[in-house]
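Text of input_5.cif, listed as mmCIF, C-alpha atoms:
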data_entry
#
loop_
_atom_site.label_atom_id
_atom_site.label_comp_id
_atom_site.auth_asym_id
_atom_site.auth_seq_id
_atom_site.Cartn_x
_atom_site.Cartn_y
_atom_site.Cartn_z
CA MET C 1 -87.01 29.53 -18.86
CA GLY C 2 -84.72 32.57 -18.59
CA ALA C 3 -87.48 34.75 -17.10
CA ILE C 4 -88.31 32.13 -14.45
CA ALA C 5 -84.65 31.79 -13.50
CA HIS C 6 -84.37 35.59 -13.27
CA TRP C 7 -87.40 35.90 -10.95
CA PHE C 8 -86.21 32.95 -8.88
CA ARG C 9 -82.84 34.70 -8.43
CA VAL C 10 -84.55 38.02 -7.56
CA PHE C 11 -86.72 36.21 -5.00
CA TRP C 12 -83.70 34.63 -3.25
CA ILE C 13 -81.73 37.88 -3.24
CA ALA C 14 -84.72 39.67 -1.68
CA ALA C 15 -85.23 36.88 0.86
CA PHE C 16 -81.53 36.97 1.80
CA ALA C 17 -81.64 40.77 2.18
CA ILE C 18 -84.65 40.50 4.50
CA VAL C 19 -82.88 37.91 6.67
CA ILE C 20 -79.75 40.10 6.86
CA CYS C 21 -81.78 43.20 7.79
CA MET C 22 -83.82 41.32 10.38
CA SER C 23 -80.72 39.83 12.00
CA ALA C 24 -78.59 42.98 11.77
CA GLY C 25 -77.25 43.80 15.15
CA VAL C 26 -79.07 41.08 17.03
CA ALA C 27 -77.35 40.95 20.39
CA GLN C 28 -76.49 37.81 22.25
CA GLN C 29 -78.29 37.66 25.58
CA ASN C 30 -75.95 36.80 28.40
CA ASP C 31 -77.55 34.81 31.24
CA THR C 32 -75.64 36.79 33.86
CA GLY C 33 -75.92 40.33 32.49
CA PRO C 34 -76.91 42.64 29.66
CA ALA C 35 -77.08 41.80 25.98
CA ILE C 36 -73.72 41.81 24.22
CA GLY C 37 -73.10 43.38 20.82
CA PRO C 38 -72.13 40.83 18.13
CA GLU C 39 -69.33 43.04 16.71
CA THR C 40 -67.74 44.62 19.78
CA ASN C 41 -68.73 42.30 22.64
CA LEU C 42 -69.75 45.46 24.51
CA PRO C 43 -73.10 45.77 26.31
CA LEU C 44 -76.22 46.76 24.39
CA PRO C 45 -77.73 49.21 24.77
CA ARG C 46 -74.91 51.58 25.71
CA TYR C 47 -74.28 55.30 25.51
CA VAL C 48 -71.70 57.05 23.31
CA SER C 49 -71.32 60.53 21.82
CA LEU C 50 -71.12 61.95 18.32
CA ARG C 51 -67.44 62.38 17.37
CA ALA C 52 -68.02 64.48 14.27
CA GLY C 53 -69.79 67.78 13.72
CA GLU C 54 -71.95 66.02 11.12
CA ALA C 55 -72.92 62.39 10.68
CA ASN C 56 -75.27 60.84 8.14
CA VAL C 57 -78.04 58.75 9.66
CA ARG C 58 -78.98 55.99 7.25
CA ARG C 59 -81.98 53.72 6.94
CA GLY C 60 -79.77 50.61 6.93
CA PRO C 61 -76.20 49.53 7.72
CA SER C 62 -74.41 50.41 4.47
CA LEU C 63 -73.53 53.34 2.22
CA SER C 64 -76.15 52.17 -0.26
CA HIS C 65 -78.98 52.89 2.18
CA ARG C 66 -80.79 56.20 2.00
CA ILE C 67 -79.76 59.03 4.34
CA ASP C 68 -82.79 59.91 6.46
CA TRP C 69 -81.17 62.92 8.13
CA VAL C 70 -77.89 64.29 9.44
CA PHE C 71 -76.89 64.66 13.09
CA GLN C 72 -75.22 68.07 13.34
CA ARG C 73 -74.14 68.43 16.95
CA ARG C 74 -70.67 67.32 17.96
CA ASP C 75 -70.57 65.53 21.35
CA MET C 76 -74.32 64.84 21.28
CA PRO C 77 -75.11 61.80 23.44
CA LEU C 78 -76.52 58.81 21.57
CA GLN C 79 -77.50 55.31 22.57
CA ILE C 80 -76.29 52.32 20.54
CA ILE C 81 -79.05 49.72 20.32
CA ALA C 82 -77.64 47.40 17.62
CA GLU C 83 -74.44 46.59 15.71
CA TYR C 84 -73.78 45.26 12.22
CA GLY C 85 -70.25 45.23 10.81
CA HIS C 86 -68.85 48.76 11.02
CA TRP C 87 -72.32 50.23 11.56
CA ARG C 88 -74.13 51.10 14.78
CA ARG C 89 -77.86 51.66 15.12
CA VAL C 90 -78.28 54.67 17.39
CA ILE C 91 -81.12 56.66 18.88
CA ASP C 92 -81.14 60.15 20.33
CA ARG C 93 -83.04 61.36 23.40
CA ASP C 94 -86.26 61.58 21.35
CA GLY C 95 -85.95 57.96 20.22
CA GLN C 96 -85.10 59.04 16.66
CA GLY C 97 -82.17 57.45 14.91
CA GLY C 98 -80.81 55.05 12.37
CA TRP C 99 -77.52 53.55 11.27
CA VAL C 100 -74.26 55.50 11.66
CA HIS C 101 -70.73 54.39 10.77
CA TYR C 102 -68.75 53.59 13.92
CA ARG C 103 -66.06 56.16 13.07
CA MET C 104 -68.60 58.92 13.62
CA LEU C 105 -69.01 57.84 17.26
CA SER C 106 -66.85 58.25 20.35
CA GLY C 107 -66.71 56.38 23.63
CA ALA C 108 -66.40 59.75 25.42
CA ARG C 109 -69.53 60.09 27.53
CA THR C 110 -71.76 63.12 27.39
CA VAL C 111 -75.28 63.88 28.54
CA ILE C 112 -77.90 66.41 27.55
CA VAL C 113 -79.76 68.53 30.09
CA GLU C 114 -83.48 67.72 30.04
CA THR C 115 -84.84 70.27 32.53
CA GLU C 116 -84.91 74.06 32.57
CA ASP C 117 -82.35 75.72 34.83
CA LEU C 118 -80.54 72.65 36.09
CA ILE C 119 -78.47 73.53 39.14
CA LEU C 120 -75.00 71.99 39.32
CA ARG C 121 -74.17 71.41 42.99
CA SER C 122 -70.79 71.13 44.73
CA ARG C 123 -71.71 67.71 46.16
CA PRO C 124 -74.32 65.07 45.26
CA GLU C 125 -76.83 66.48 47.75
CA PRO C 126 -79.97 68.56 47.14
CA ASN C 127 -78.89 71.33 49.56
CA ALA C 128 -75.22 71.56 48.51
CA THR C 129 -73.79 74.87 47.26
CA GLU C 130 -74.73 75.91 43.71
CA ASN C 131 -71.82 75.93 41.25
CA ALA C 132 -73.71 76.83 38.08
CA ILE C 133 -77.08 76.71 36.33
CA LEU C 134 -77.40 74.92 32.99
CA GLU C 135 -80.18 75.50 30.47
CA ALA C 136 -82.18 72.70 28.85
CA GLY C 137 -80.37 71.30 25.82
CA VAL C 138 -76.84 71.91 27.10
CA VAL C 139 -74.46 69.04 26.35
CA ALA C 140 -72.13 68.26 29.26
CA ARG C 141 -69.26 65.82 29.82
CA LEU C 142 -70.20 62.98 32.13
CA GLY C 143 -68.01 62.18 35.11
CA ASP C 144 -68.68 60.00 38.14
CA CYS C 145 -72.20 58.77 38.91
CA ASN C 146 -73.74 57.28 42.03
CA PRO C 147 -77.24 55.75 42.06
CA ASP C 148 -78.98 59.17 42.00
CA TRP C 149 -76.46 61.85 40.94
CA CYS C 150 -73.86 62.42 38.22
CA GLU C 151 -70.92 64.80 38.05
CA LEU C 152 -71.04 67.03 34.95
CA THR C 153 -68.67 69.49 33.29
CA ALA C 154 -69.97 72.19 30.94
CA GLY C 155 -68.80 75.65 29.96
CA GLY C 156 -65.90 75.57 32.41
CA TYR C 157 -68.18 74.67 35.32
CA LYS C 158 -68.26 71.40 37.21
CA GLY C 159 -70.83 70.01 39.61
CA TRP C 160 -73.35 67.34 40.47
CA ALA C 161 -76.85 66.97 39.00
CA PRO C 162 -79.68 64.50 39.61
CA LYS C 163 -79.82 61.68 37.05
CA THR C 164 -83.51 62.41 36.50
CA ALA C 165 -82.58 65.78 34.94
CA ILE C 166 -80.23 64.44 32.23
CA TRP C 167 -80.29 62.01 29.28
CA GLY C 168 -77.30 59.87 28.36
CA VAL C 169 -76.78 57.71 31.42
CA ALA C 170 -78.66 54.59 32.49
CA ASP C 171 -80.78 54.78 35.66
CA ALA C 172 -78.79 52.09 37.46
CA GLU C 173 -75.39 53.11 36.06
CA ILE C 174 -72.57 53.75 38.53
CA ARG C 175 -69.36 55.45 37.33
CA ASP C 176 -66.17 55.98 39.35
#

Encoded form using structure tokens:
Amino acid sequence: MGAIAHWFRVFWIAAFAIVICMSAGVAQQNDTGPAIGPETNLPLPRYVSLRAGEANVRRGPSLSHRIDWVFQRRDMPLQIIAEYGHWRRVIDRDGQGGWVHYRMLSGARTVIVETEDLILRSRPEPNATENAILEAGVVARLGDCNPDWCELTAGGYKGWAPKTAIWGVADAEIRD
């Protein structure tokens, strides 16, 4: 009888763990807008940046889950796609990610340059004066955005770039 009770207990613990993992970070869909995170009541998905120079990326939302890799670039833009307790499921521009503790993240917005030789312009217009040229992979601070352009700051330079050339801002996002 002891062995049956043991396996019954193991079964229920496993079943409970599966339910928790499947429901982790499930957002509430709002009829009038985007999904809302169950922990923060902030929209999901949303963009943030990496606060630390290193952050463990785990397979699940706890310290007991295996570390799959380590993000090693401070200010790297990430997208939060789920929440569970103090953990946030994030993805990078390649769609790779996992669970990161919320203290490793910042609400400061950054973007990463996706195209070679991105020209920062003085105004959000294709023929405006060139302020600087950024290489692919540069991380820049995100400023204002209109439907097609965003203001960026990187390496002491400031200017406007087309949204299509950067990752870390939603297509329809407007920032003032």

Let me know the residues the PyMOL selection byres ((chain C and resi 75) around 9) catches in the file above, as an MDAnalysis selection string.
chainID C and resid 48:53 73:74 76:78 105:106 108:111 139:141

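One finds atom CA of C:Ser64 at 20.3 Å from atom CA of C:Gln96.
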
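Closest approach to C:Trp160 among C:Arg175, C:Arg58, C:Arg93, C:Arg123: C:Arg123, based on all atoms listed in the file.
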
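Atom CA of C:Gly98 is positioned 11.2 Å from atom CA of C:Ser62.
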
Exactly which residues make up the result of the PyMOL selection byres ((chain C and resi 161) around 6) on this file, given as a ChimeraX atom specification?
/C:120,149-150,160,162

Excluding C:Asp117 and its own-chain neighbours fewer than 2 positions away, which residues fall within 10 Å of it when counting only C-alpha atoms? Please give them as a ChimeraX atom specification.
/C:113-115,119-120,132-136,165

Just write the chosen residues, C-alpha atoms, as a CSV table (one decimal), in the frame of the given file.
chain,number,residue,atom,x,y,z
C,113,VAL,CA,-79.8,68.5,30.1
C,114,GLU,CA,-83.5,67.7,30.0
C,115,THR,CA,-84.8,70.3,32.5
C,119,ILE,CA,-78.5,73.5,39.1
C,120,LEU,CA,-75.0,72.0,39.3
C,132,ALA,CA,-73.7,76.8,38.1
C,133,ILE,CA,-77.1,76.7,36.3
C,134,LEU,CA,-77.4,74.9,33.0
C,135,GLU,CA,-80.2,75.5,30.5
C,136,ALA,CA,-82.2,72.7,28.8
C,165,ALA,CA,-82.6,65.8,34.9

The residues within 10 Å of (-82.3, 59.3, 17.5), using all atoms listed in the file and the coordinates of the file, should be reported as a ChimeraX atom specification; which are they?
/C:57,71,77-80,89-99

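When all atoms listed in the file are used to compute distances to C:Val169, the closest of the residues C:His86, C:Asn41, C:Tyr47, C:Met104 turns out to be C:Tyr47.
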
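From atom CA of C:Gly156 back to atom CA of C:Thr129, the distance works out to 16.8 Å.
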
Under the rule that only C-alpha atoms are counted, which of C:Ala128, C:Ala55, C:Leu152, C:Val138 is the nearest residue to C:Val100?
C:Ala55

Given all atoms listed in the file as the basis, pick out the residue of C:Ser122, C:Asn146, C:Gln72, C:Thr40 nearest to C:Arg88.
C:Thr40

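Here the question is which of C:Pro147, C:Pro124, C:Gly60, C:Pro38 gets nearest to C:Ala170 using only C-alpha atoms, and that residue is C:Pro147.
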
Find the residue from C:Ile166, C:Gly159, C:Arg121, C:Leu44 that sits nearest to C:Gly137; use only C-alpha atoms when measuring.
C:Ile166

Produce the centre coordinates and the three edge lengths, each in Å to one decimal, of the box along x, y and z that contains all listed atoms of stretch 147-164 of chain C with 4 Å added on each side, as AutoDock Vina command-line options.
--center_x -74.7 --center_y 65.7 --center_z 36.0 --size_x 25.6 --size_y 27.9 --size_z 20.1

The PyMOL selection byres ((chain C and resi 67) around 7) - which residues does that actually catch in the file I just gave you? List them as a list in words.
Asn56, Val57, Arg58, Arg59, His65, Arg66, Asp68 and Trp69 of chain C

Store the residues of this selection in a file with C-alpha atoms, as a PDB file, in the frame of the given file.
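Listing of out_16.pdb after writing:
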ATOM      1  CA  ASN C  56     -75.270  60.840   8.140  1.00  0.00           C
ATOM      2  CA  VAL C  57     -78.040  58.750   9.660  1.00  0.00           C
ATOM      3  CA  ARG C  58     -78.980  55.990   7.250  1.00  0.00           C
ATOM      4  CA  ARG C  59     -81.980  53.720   6.940  1.00  0.00           C
ATOM      5  CA  HIS C  65     -78.980  52.890   2.180  1.00  0.00           C
ATOM      6  CA  ARG C  66     -80.790  56.200   2.000  1.00  0.00           C
ATOM      7  CA  ASP C  68     -82.790  59.910   6.460  1.00  0.00           C
ATOM      8  CA  TRP C  69     -81.170  62.920   8.130  1.00  0.00           C
TER       9      TRP C  69
END

Might you pull out every residue within 6 Å of C:Trp87, with only C-alpha atoms counted and same-chain residues fewer than 6 positions away left off, and present them as a CSV table (one decimal) with C-alpha atoms, in the coordinates of the input?
chain,number,residue,atom,x,y,z
C,61,PRO,CA,-76.2,49.5,7.7
C,100,VAL,CA,-74.3,55.5,11.7
C,101,HIS,CA,-70.7,54.4,10.8
C,102,TYR,CA,-68.8,53.6,13.9

Within 8 Å of C:Glu39, counting all atoms listed in the file, which residues show up once you throw out same-chain ones fewer than 3 positions away? Write them as a PDB file with C-alpha atoms, keeping the file's coordinate frame, please.
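The result, stored in out_32.pdb:
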ATOM      1  CA  GLU C  83     -74.440  46.590  15.710  1.00  0.00           C
ATOM      2  CA  TYR C  84     -73.780  45.260  12.220  1.00  0.00           C
ATOM      3  CA  GLY C  85     -70.250  45.230  10.810  1.00  0.00           C
TER       4      GLY C  85
END
